[in-house]
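To keep things clear, I will list the structure first and then write my remarks on it.
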Amino acid sequence: MMKRAFIFAAVLCGLASFASAAGDADKGQGQAAACGACHGQDGNSPAAAFPKLAGQGQRYLLKQMQDIVSGARQVPQMAGQLDPLSEQDMENIAAFYASQTISIGAAAPDLVELGESIYRSGIAAKGVAACTACHSPTGQGNAAAAYPLLGGQHADYIAAQLKAFRTGADQPELGRTNDGDARMMRDTAALMSDLEIEAVSSYISGLHP
């Protein structure tokens with residue numbers, strides 16, 4: 001318990017250094033026009049390969065864009081896409097998507113029980129904490145702390161990110177590692193099986209933020 005409390009505190013301290021998004025949503029709508037080809041004009045992407053951005057917290061969106069530009073987060077599909085944008089442009093785009101409403105998916109009936117158990121209670125036998133601690137019972141996340149909104153996100157996309165964090169736990173050069181020095185997501189995903197990841201991802205997609 002003390003270890004988890006320490007990790008949580010460390011994450012919060014790290015988040016204090018994140019840039020504060022103060023963008024103009026109206027300007028951001030025009031600047032995000034090209035993003036719509038993959039993410040949907042309102043931020044609700046039609047394909048699971050691309051995340052829904054609608055309703056996502058501004059600080060989280062800005063942080064991810066900054067990480068993509070710096071190389072801290074490797075997203076091949078985004079290569080060069082953000083290079084022409086200024087910091088203000090990215091803040092505007094983040095503000096626009098944050099002002100939109102995410103569409104809701106539906107959990108696979110046969111995965112609901114396991115997925116709900118993991119999301120709300122974690123996996124005690126493995127030391128996996130409940131997702132609700134950071135992402136809220138409804139999947140709303142915590143915009144002020146830059147914990148992302150999850151509810152309604154494509155299940156396949158969530159699963160892909162969890163597996164990327166799992167890979168990043170042991171093979172940083174091959175997986176996702178931009179969860180901070182506290183390694184909250186890497187250390188969590190590293191303990192989860194494919195079935196557990198699939199179940200919790202499916203459950204999350206049907207949550208209503």
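Going through the structure tokens in order, the chains are called A, B, and so on, while each chain numbers its residues from 1 and the ligands are numbered from 1 in the order shown.
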
Tell me, as a list in words, which residues lie within 12 Å of A:Gly122, counting only C-alpha atoms; anything in the same chain fewer than 4 positions away does not count. Leu114, Gly115, Glu116, Ser117, Ile118, Lys126, Gly127, Val128, Ala129, Ala130, Cys131, Thr132, Ala133, Thr188, Ala189, Leu191, Met192, Glu196, Ile197 and Val200 of chain A

Residue subset to file, keeping C-alpha atoms, as a PDB file, in the first residue's frame:
ATOM      1  CA  LEU A 114     -13.804 -10.017 -15.976  1.00  0.00           C
ATOM      2  CA  GLY A 115     -13.309  -6.559 -17.440  1.00  0.00           C
ATOM      3  CA  GLU A 116     -15.413  -4.866 -14.779  1.00  0.00           C
ATOM      4  CA  SER A 117     -13.631  -6.753 -12.011  1.00  0.00           C
ATOM      5  CA  ILE A 118     -10.218  -5.616 -13.251  1.00  0.00           C
ATOM      6  CA  LYS A 126      -0.895  -9.977  -9.161  1.00  0.00           C
ATOM      7  CA  GLY A 127      -0.714  -6.628  -7.414  1.00  0.00           C
ATOM      8  CA  VAL A 128      -2.560  -4.826 -10.218  1.00  0.00           C
ATOM      9  CA  ALA A 129      -4.333  -1.718  -8.933  1.00  0.00           C
ATOM     10  CA  ALA A 130      -7.870  -0.778  -9.944  1.00  0.00           C
ATOM     11  CA  CYS A 131      -8.093   1.493 -12.986  1.00  0.00           C
ATOM     12  CA  THR A 132     -10.628   3.673 -11.174  1.00  0.00           C
ATOM     13  CA  ALA A 133      -7.890   5.181  -9.006  1.00  0.00           C
ATOM     14  CA  THR A 188       0.703  -2.346 -14.414  1.00  0.00           C
ATOM     15  CA  ALA A 189       0.498  -3.706 -17.968  1.00  0.00           C
ATOM     16  CA  LEU A 191       1.512  -7.965 -14.926  1.00  0.00           C
ATOM     17  CA  MET A 192      -1.486  -8.499 -17.208  1.00  0.00           C
ATOM     18  CA  GLU A 196      -7.028  -9.578 -18.989  1.00  0.00           C
ATOM     19  CA  ILE A 197      -5.999  -6.747 -21.296  1.00  0.00           C
ATOM     20  CA  VAL A 200     -10.621  -4.585 -19.404  1.00  0.00           C
TER      21      VAL A 200
END

Filtered DSSP result for chain A, state helix (DSSP H, G or I), as a ChimeraX atom specification: /A:2-15,25-31,33-39,58-70,76-78,87-98,109-121,124-126,132-135,155-170,184-189,194-205

Expected file contents, prior selection, C-alpha atoms, as a tab-separated table (two decimals), in the first residue's frame:
chain	number	residue	atom	x	y	z
A	2	MET	CA	2.82	2.39	0.91
A	3	LYS	CA	4.58	1.61	-2.37
A	4	ARG	CA	1.46	2.41	-4.39
A	5	ALA	CA	0.94	5.64	-2.44
A	6	PHE	CA	4.54	6.64	-3.16
A	7	ILE	CA	4.18	5.87	-6.86
A	8	PHE	CA	0.94	7.83	-7.03
A	9	ALA	CA	2.57	10.83	-5.32
A	10	ALA	CA	5.52	10.63	-7.67
A	11	VAL	CA	3.24	10.66	-10.68
A	12	LEU	CA	1.44	13.72	-9.39
A	13	CYS	CA	4.72	15.52	-8.80
A	14	GLY	CA	5.84	14.69	-12.32
A	15	LEU	CA	2.60	15.98	-13.77
A	25	ALA	CA	-11.00	25.88	-29.32
A	26	ASP	CA	-12.41	27.94	-32.20
A	27	LYS	CA	-9.00	28.37	-33.79
A	28	GLY	CA	-8.20	24.77	-32.97
A	29	GLN	CA	-11.16	23.52	-35.01
A	30	GLY	CA	-9.66	24.90	-38.19
A	31	GLN	CA	-6.13	23.83	-37.31
A	33	ALA	CA	-9.04	19.92	-40.01
A	34	ALA	CA	-6.25	17.72	-41.38
A	35	CYS	CA	-6.40	15.54	-38.24
A	36	GLY	CA	-9.97	14.62	-39.12
A	37	ALA	CA	-8.85	12.25	-41.85
A	38	CYS	CA	-7.78	9.76	-39.18
A	39	HIS	CA	-9.38	10.98	-35.95
A	58	GLN	CA	-6.40	19.33	-22.79
A	59	ARG	CA	-3.30	18.70	-20.67
A	60	TYR	CA	-3.16	15.05	-21.68
A	61	LEU	CA	-3.61	15.84	-25.37
A	62	LEU	CA	-0.94	18.52	-25.27
A	63	LYS	CA	1.47	16.23	-23.44
A	64	GLN	CA	1.00	13.47	-26.03
A	65	MET	CA	1.59	15.88	-28.90
A	66	GLN	CA	4.71	17.22	-27.20
A	67	ASP	CA	5.96	13.68	-26.65
A	68	ILE	CA	5.36	12.75	-30.29
A	69	VAL	CA	7.29	15.82	-31.45
A	70	SER	CA	10.18	15.15	-29.06
A	76	PRO	CA	4.77	6.04	-36.91
A	77	GLN	CA	1.44	7.24	-38.33
A	78	MET	CA	2.10	10.68	-36.81
A	87	GLU	CA	3.12	25.24	-29.19
A	88	GLN	CA	0.10	27.55	-29.38
A	89	ASP	CA	-1.29	25.65	-32.36
A	90	MET	CA	-1.11	22.41	-30.37
A	91	GLU	CA	-2.80	24.06	-27.40
A	92	ASN	CA	-5.60	25.25	-29.70
A	93	ILE	CA	-6.07	21.77	-31.17
A	94	ALA	CA	-6.11	20.24	-27.69
A	95	ALA	CA	-8.74	22.76	-26.61
A	96	PHE	CA	-10.91	21.93	-29.62
A	97	TYR	CA	-10.90	18.19	-29.07
A	98	ALA	CA	-11.45	18.65	-25.33
A	109	PRO	CA	-20.93	-9.49	-23.22
A	110	ASP	CA	-18.64	-12.44	-22.55
A	111	LEU	CA	-15.87	-10.14	-21.27
A	112	VAL	CA	-17.91	-7.78	-19.10
A	113	GLU	CA	-17.58	-9.67	-15.81
A	114	LEU	CA	-13.80	-10.02	-15.98
A	115	GLY	CA	-13.31	-6.56	-17.44
A	116	GLU	CA	-15.41	-4.87	-14.78
A	117	SER	CA	-13.63	-6.75	-12.01
A	118	ILE	CA	-10.22	-5.62	-13.25
A	119	TYR	CA	-11.30	-2.03	-13.87
A	120	ARG	CA	-12.98	-1.59	-10.50
A	121	SER	CA	-10.99	-3.88	-8.23
A	124	ALA	CA	-5.13	-8.54	-6.16
A	125	ALA	CA	-3.22	-11.77	-6.76
A	126	LYS	CA	-0.89	-9.98	-9.16
A	132	THR	CA	-10.63	3.67	-11.17
A	133	ALA	CA	-7.89	5.18	-9.01
A	134	CYS	CA	-6.63	7.32	-11.87
A	135	HIS	CA	-9.28	7.05	-14.56
A	155	ALA	CA	-11.30	-1.38	-27.26
A	156	ASP	CA	-8.68	-2.46	-29.79
A	157	TYR	CA	-6.82	0.82	-29.37
A	158	ILE	CA	-6.78	0.54	-25.57
A	159	ALA	CA	-5.54	-3.03	-25.80
A	160	ALA	CA	-2.81	-2.01	-28.23
A	161	GLN	CA	-1.59	0.72	-25.86
A	162	LEU	CA	-1.59	-1.60	-22.85
A	163	LYS	CA	0.44	-4.13	-24.80
A	164	ALA	CA	2.80	-1.36	-25.92
A	165	PHE	CA	3.31	-0.34	-22.29
A	166	ARG	CA	3.81	-4.01	-21.38
A	167	THR	CA	6.53	-4.31	-24.01
A	168	GLY	CA	8.04	-1.02	-22.89
A	169	ALA	CA	8.46	-2.34	-19.36
A	170	ASP	CA	11.28	-4.65	-20.47
A	184	MET	CA	2.62	3.43	-13.58
A	185	MET	CA	1.28	2.05	-16.85
A	186	ARG	CA	4.33	-0.04	-17.75
A	187	ASP	CA	4.46	-1.74	-14.37
A	188	THR	CA	0.70	-2.35	-14.41
A	189	ALA	CA	0.50	-3.71	-17.97
A	194	ASP	CA	-3.61	-10.92	-23.09
A	195	LEU	CA	-7.05	-12.03	-21.89
A	196	GLU	CA	-7.03	-9.58	-18.99
A	197	ILE	CA	-6.00	-6.75	-21.30
A	198	GLU	CA	-8.71	-7.69	-23.81
A	199	ALA	CA	-11.37	-7.88	-21.12
A	200	VAL	CA	-10.62	-4.59	-19.40
A	201	SER	CA	-10.23	-2.82	-22.76
A	202	SER	CA	-13.61	-4.09	-23.90
A	203	TYR	CA	-15.25	-3.04	-20.64
A	204	ILE	CA	-13.75	0.44	-20.85
A	205	SER	CA	-15.07	0.98	-24.38

Distance criterion (only C-alpha atoms): nearest to A:Leu207 out of A:Ala144, A:Ala79, A:Ala48, A:Leu149: A:Leu149

From the DSSP assignment of the backbone, select every residue of stretch 1-208 of chain A that is strand (DSSP E or B), and format the answer as a list in words.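 Across stretch 1-208 of chain A, those assigned strand (DSSP E or B) are Ile123, Val128, Asn142 and Tyr147 of chain A.
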
Could you list, as a list in words, every residue within 9 Å of A:Gln100, counting only C-alpha atoms and ignoring same-chain residues fewer than 3 positions away? Asp42, Gly43, Asn44, Leu53, Ala54, Gly55, Gln56, Phe96 and Tyr97 of chain A

Save out the residues we just selected, N, CA and C atoms, as a tab-separated table (two decimals), in the first residue's frame.
chain	number	residue	atom	x	y	z
A	42	ASP	N	-14.90	15.44	-35.60
A	42	ASP	CA	-15.23	15.84	-34.23
A	42	ASP	C	-14.40	15.09	-33.20
A	43	GLY	N	-13.38	14.39	-33.68
A	43	GLY	CA	-12.51	13.66	-32.76
A	43	GLY	C	-12.95	12.24	-32.47
A	44	ASN	N	-14.03	11.79	-33.11
A	44	ASN	CA	-14.49	10.41	-32.94
A	44	ASN	C	-14.06	9.60	-34.15
A	53	LEU	N	-10.25	11.29	-29.95
A	53	LEU	CA	-9.68	12.40	-29.20
A	53	LEU	C	-10.76	13.26	-28.55
A	54	ALA	N	-12.00	13.09	-28.98
A	54	ALA	CA	-13.10	13.90	-28.47
A	54	ALA	C	-13.25	13.75	-26.96
A	55	GLY	N	-13.36	14.88	-26.28
A	55	GLY	CA	-13.59	14.88	-24.84
A	55	GLY	C	-12.35	14.65	-24.00
A	56	GLN	N	-11.22	14.38	-24.66
A	56	GLN	CA	-9.99	14.13	-23.92
A	56	GLN	C	-9.50	15.40	-23.24
A	96	PHE	N	-9.79	22.31	-28.76
A	96	PHE	CA	-10.91	21.93	-29.62
A	96	PHE	C	-11.40	20.53	-29.32
A	97	TYR	N	-10.48	19.57	-29.31
A	97	TYR	CA	-10.90	18.19	-29.07
A	97	TYR	C	-11.47	18.02	-27.67

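Omitting A:Ser103 and its sequence neighbours fewer than 2 positions away, and counting only C-alpha atoms, the residues within 7 Å are Asn44, Thr101, Gly105 and Gly152 of chain A.
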
Shortest interatomic distance to A:Asp179 - which of A:Ala72, A:Ala32, A:Ala143, A:Ile104, counting only C-alpha atoms: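 Of A:Ala72, A:Ala32, A:Ala143, A:Ile104, the one nearest A:Asp179 is A:Ala72, counting only C-alpha atoms.
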